[in-house]
Amino acid sequence: MRGIDIVDIDDHLRKTGIKPSYQRKAIFEYLMNSNCHSTVNDIYMALSSNISTLSKTTIYNTLNLFVDHNIVEVINIDPNEARYDIVREVPHGHFKCEECGEIYDIFLDFNTLPIKDLNNFTIKTQQINLTGICGKCNEK
Ligand SMILES: [Zn+2]
Ligand SMILES: [Zn+2]
């Protein structure tokens, strides 16, 4: 998969001012290695058998902490469930297929998008969310 640019999770969390506890590292690692766009439930299902003390509340709070420190972002592509993605050096957009529900990463250069109305604006968040029917479903 694309964009594994964070090698040392311990170091990455420390640098952003987060104490790298075992659970936090496990959650971050899961987000990094899974196909991203996980929900709290996905993370719970994947990790709770290994970490018996893990609760959904812990996951939720940990994700909020990550979001506050700008190393994880909430993808607002799904109105029913918050999905979480690692903030990578290169931002990317998302496409959600209405047919199969799959969320695809779209890599595009946000900085060269010709947005003429934002001269003298300061952009703090960048999200591009598209929905429709994916190529696989269109072939069916
Ligand atoms: Zn599809
Ligand atoms: Zn993504």
# chains A, B, ... in the order shown; residues from 1 in each chain; ligands from 1
$ closest_atom_pairs --of "chain A" --to "ligand 2" --cutoff "12 Å" --atoms "only C-alpha atoms and all ligand atoms" --output "tab-separated table"
residue	atom	partner	partner_atom_place_in_ligand_line	distance
A:Met1	CA	ligand 2	1 (Zn)	10.7
A:Arg2	CA	ligand 2	1 (Zn)	9.6
A:Gly3	CA	ligand 2	1 (Zn)	9.8
A:Ile4	CA	ligand 2	1 (Zn)	11.9
A:Leu31	CA	ligand 2	1 (Zn)	10.2
A:Met32	CA	ligand 2	1 (Zn)	10.3
A:Asn33	CA	ligand 2	1 (Zn)	11.8
A:Ser34	CA	ligand 2	1 (Zn)	10.6
A:Asn35	CA	ligand 2	1 (Zn)	8.1
A:Cys36	CA	ligand 2	1 (Zn)	5.9
A:His37	CA	ligand 2	1 (Zn)	6.0
A:Ser38	CA	ligand 2	1 (Zn)	9.6
A:Val72	CA	ligand 2	1 (Zn)	10.5
A:Glu73	CA	ligand 2	1 (Zn)	9.4
A:Val74	CA	ligand 2	1 (Zn)	10.0
A:Ile75	CA	ligand 2	1 (Zn)	8.0
A:Asn76	CA	ligand 2	1 (Zn)	11.2
A:Ile77	CA	ligand 2	1 (Zn)	10.6
A:Arg83	CA	ligand 2	1 (Zn)	9.5
A:Tyr84	CA	ligand 2	1 (Zn)	8.4
A:Asp85	CA	ligand 2	1 (Zn)	5.7
A:Ile86	CA	ligand 2	1 (Zn)	7.5
A:Val87	CA	ligand 2	1 (Zn)	8.6
A:Arg88	CA	ligand 2	1 (Zn)	9.2
A:Val90	CA	ligand 2	1 (Zn)	10.8
A:Pro91	CA	ligand 2	1 (Zn)	8.7
A:His92	CA	ligand 2	1 (Zn)	6.4
A:Gly93	CA	ligand 2	1 (Zn)	6.6
A:His94	CA	ligand 2	1 (Zn)	6.1
A:Phe95	CA	ligand 2	1 (Zn)	9.0
A:Lys96	CA	ligand 2	1 (Zn)	10.6
A:Glu102	CA	ligand 2	1 (Zn)	11.2
A:Ile103	CA	ligand 2	1 (Zn)	7.7
A:Tyr104	CA	ligand 2	1 (Zn)	6.8
A:Asp105	CA	ligand 2	1 (Zn)	4.7
A:Ile106	CA	ligand 2	1 (Zn)	7.6
A:Phe107	CA	ligand 2	1 (Zn)	9.1
A:Leu108	CA	ligand 2	1 (Zn)	11.9
A:Gln127	CA	ligand 2	1 (Zn)	10.1
A:Ile128	CA	ligand 2	1 (Zn)	10.3
A:Asn129	CA	ligand 2	1 (Zn)	10.1
$ write_last_selection --atoms "C-alpha atoms" --output "mmCIF file, in the first residue's frame"
data_model
loop_
_atom_site.group_PDB
_atom_site.id
_atom_site.type_symbol
_atom_site.label_atom_id
_atom_site.label_comp_id
_atom_site.auth_asym_id
_atom_site.auth_seq_id
_atom_site.Cartn_x
_atom_site.Cartn_y
_atom_site.Cartn_z
ATOM 1 C CA MET A 1 0.000 0.000 0.000
ATOM 2 C CA ARG A 2 0.960 3.587 -0.524
ATOM 3 C CA GLY A 3 2.447 6.028 1.912
ATOM 4 C CA ILE A 4 4.097 4.031 4.688
ATOM 5 C CA LEU A 31 -4.427 2.380 11.429
ATOM 6 C CA MET A 32 -1.102 2.493 9.658
ATOM 7 C CA ASN A 33 -1.127 -1.125 8.515
ATOM 8 C CA SER A 34 -4.814 -1.682 7.826
ATOM 9 C CA ASN A 35 -6.362 -0.456 4.619
ATOM 10 C CA CYS A 36 -6.996 2.782 6.572
ATOM 11 C CA HIS A 37 -10.421 4.395 6.952
ATOM 12 C CA SER A 38 -11.200 2.221 9.963
ATOM 13 C CA VAL A 72 -4.965 11.221 12.498
ATOM 14 C CA GLU A 73 -7.907 12.730 10.645
ATOM 15 C CA VAL A 74 -11.577 11.974 10.638
ATOM 16 C CA ILE A 75 -12.823 11.244 7.157
ATOM 17 C CA ASN A 76 -16.336 12.626 6.862
ATOM 18 C CA ILE A 77 -17.280 10.618 3.809
ATOM 19 C CA ARG A 83 -13.732 6.804 9.798
ATOM 20 C CA TYR A 84 -10.151 7.477 10.754
ATOM 21 C CA ASP A 85 -7.071 7.782 8.618
ATOM 22 C CA ILE A 86 -3.417 8.491 9.318
ATOM 23 C CA VAL A 87 -2.291 11.972 8.356
ATOM 24 C CA ARG A 88 0.517 11.413 5.905
ATOM 25 C CA VAL A 90 1.181 13.966 1.251
ATOM 26 C CA PRO A 91 -2.556 14.631 1.761
ATOM 27 C CA HIS A 92 -4.977 12.488 -0.199
ATOM 28 C CA GLY A 93 -8.640 12.485 -1.074
ATOM 29 C CA HIS A 94 -11.251 9.748 -0.898
ATOM 30 C CA PHE A 95 -13.815 8.142 -3.128
ATOM 31 C CA LYS A 96 -16.636 6.118 -1.628
ATOM 32 C CA GLU A 102 -15.352 0.520 -0.512
ATOM 33 C CA ILE A 103 -13.385 3.681 0.192
ATOM 34 C CA TYR A 104 -10.548 4.382 -2.204
ATOM 35 C CA ASP A 105 -7.612 6.706 -1.684
ATOM 36 C CA ILE A 106 -7.139 9.308 -4.382
ATOM 37 C CA PHE A 107 -3.717 10.826 -4.696
ATOM 38 C CA LEU A 108 -3.708 14.314 -6.091
ATOM 39 C CA GLN A 127 -10.386 17.006 2.477
ATOM 40 C CA ILE A 128 -11.626 15.918 -0.875
ATOM 41 C CA ASN A 129 -14.443 13.401 -0.704
#
$ select_by_dssp --residues "range 49-91 of chain A" --states "strand (DSSP E)" --output "number ranges by chain"
A: 72-75, 83-86
$ closest_atom_pairs --of "chain A" --to "ligand 1" --cutoff "9 Å" --atoms "only C-alpha atoms and all ligand atoms" --output "Markdown table"
| residue | atom | partner | partner_atom_place_in_ligand_line | distance |
| --- | --- | --- | --- | --- |
| A:Lys96 | CA | ligand 1 | 1 (Zn) | 7.9 |
| A:Cys97 | CA | ligand 1 | 1 (Zn) | 4.6 |
| A:Glu98 | CA | ligand 1 | 1 (Zn) | 6.6 |
| A:Glu99 | CA | ligand 1 | 1 (Zn) | 4.9 |
| A:Cys100 | CA | ligand 1 | 1 (Zn) | 4.1 |
| A:Gly101 | CA | ligand 1 | 1 (Zn) | 6.2 |
| A:Glu102 | CA | ligand 1 | 1 (Zn) | 6.0 |
| A:Ile103 | CA | ligand 1 | 1 (Zn) | 8.6 |
| A:Gly132 | CA | ligand 1 | 1 (Zn) | 8.3 |
| A:Ile133 | CA | ligand 1 | 1 (Zn) | 5.5 |
| A:Cys134 | CA | ligand 1 | 1 (Zn) | 4.3 |
| A:Gly135 | CA | ligand 1 | 1 (Zn) | 6.7 |
| A:Lys136 | CA | ligand 1 | 1 (Zn) | 5.6 |
| A:Cys137 | CA | ligand 1 | 1 (Zn) | 4.4 |
| A:Asn138 | CA | ligand 1 | 1 (Zn) | 7.4 |
$ closest_residue --among "A:Ser52, A:Asn70, A:Asn119, A:Thr112" --to "Lys15 in chain A" --atoms "only C-alpha atoms"
A:Asn70
$ residues_around --residues "range 57-67 of chain A" --least-positions-apart "3" --cutoff "12 Å" --atoms "only C-alpha atoms" --output "PyMOL selection string"
chain A and resi 12-14+16-28+30-31+38-48+51-54+70-75+82-87+125
$ atom_distance --atom1 "CA of Asp109 in chain A" --atom2 "CA of Glu89 in chain A"
11.6 Å
$ atom_distance --atom1 "CA of Thr122 in chain A" --atom2 "CA of Phe110 in chain A"
13.7 Å
$ closest_residue --among "A:Thr131, A:Asn120, A:Glu139, A:Val7" --to "Pro79 in chain A" --atoms "only C-alpha atoms"
A:Thr131
$ atom_distance --atom1 "CA of Lys124 in chain A" --atom2 "CA of Asn111 in chain A"
12.4 Å
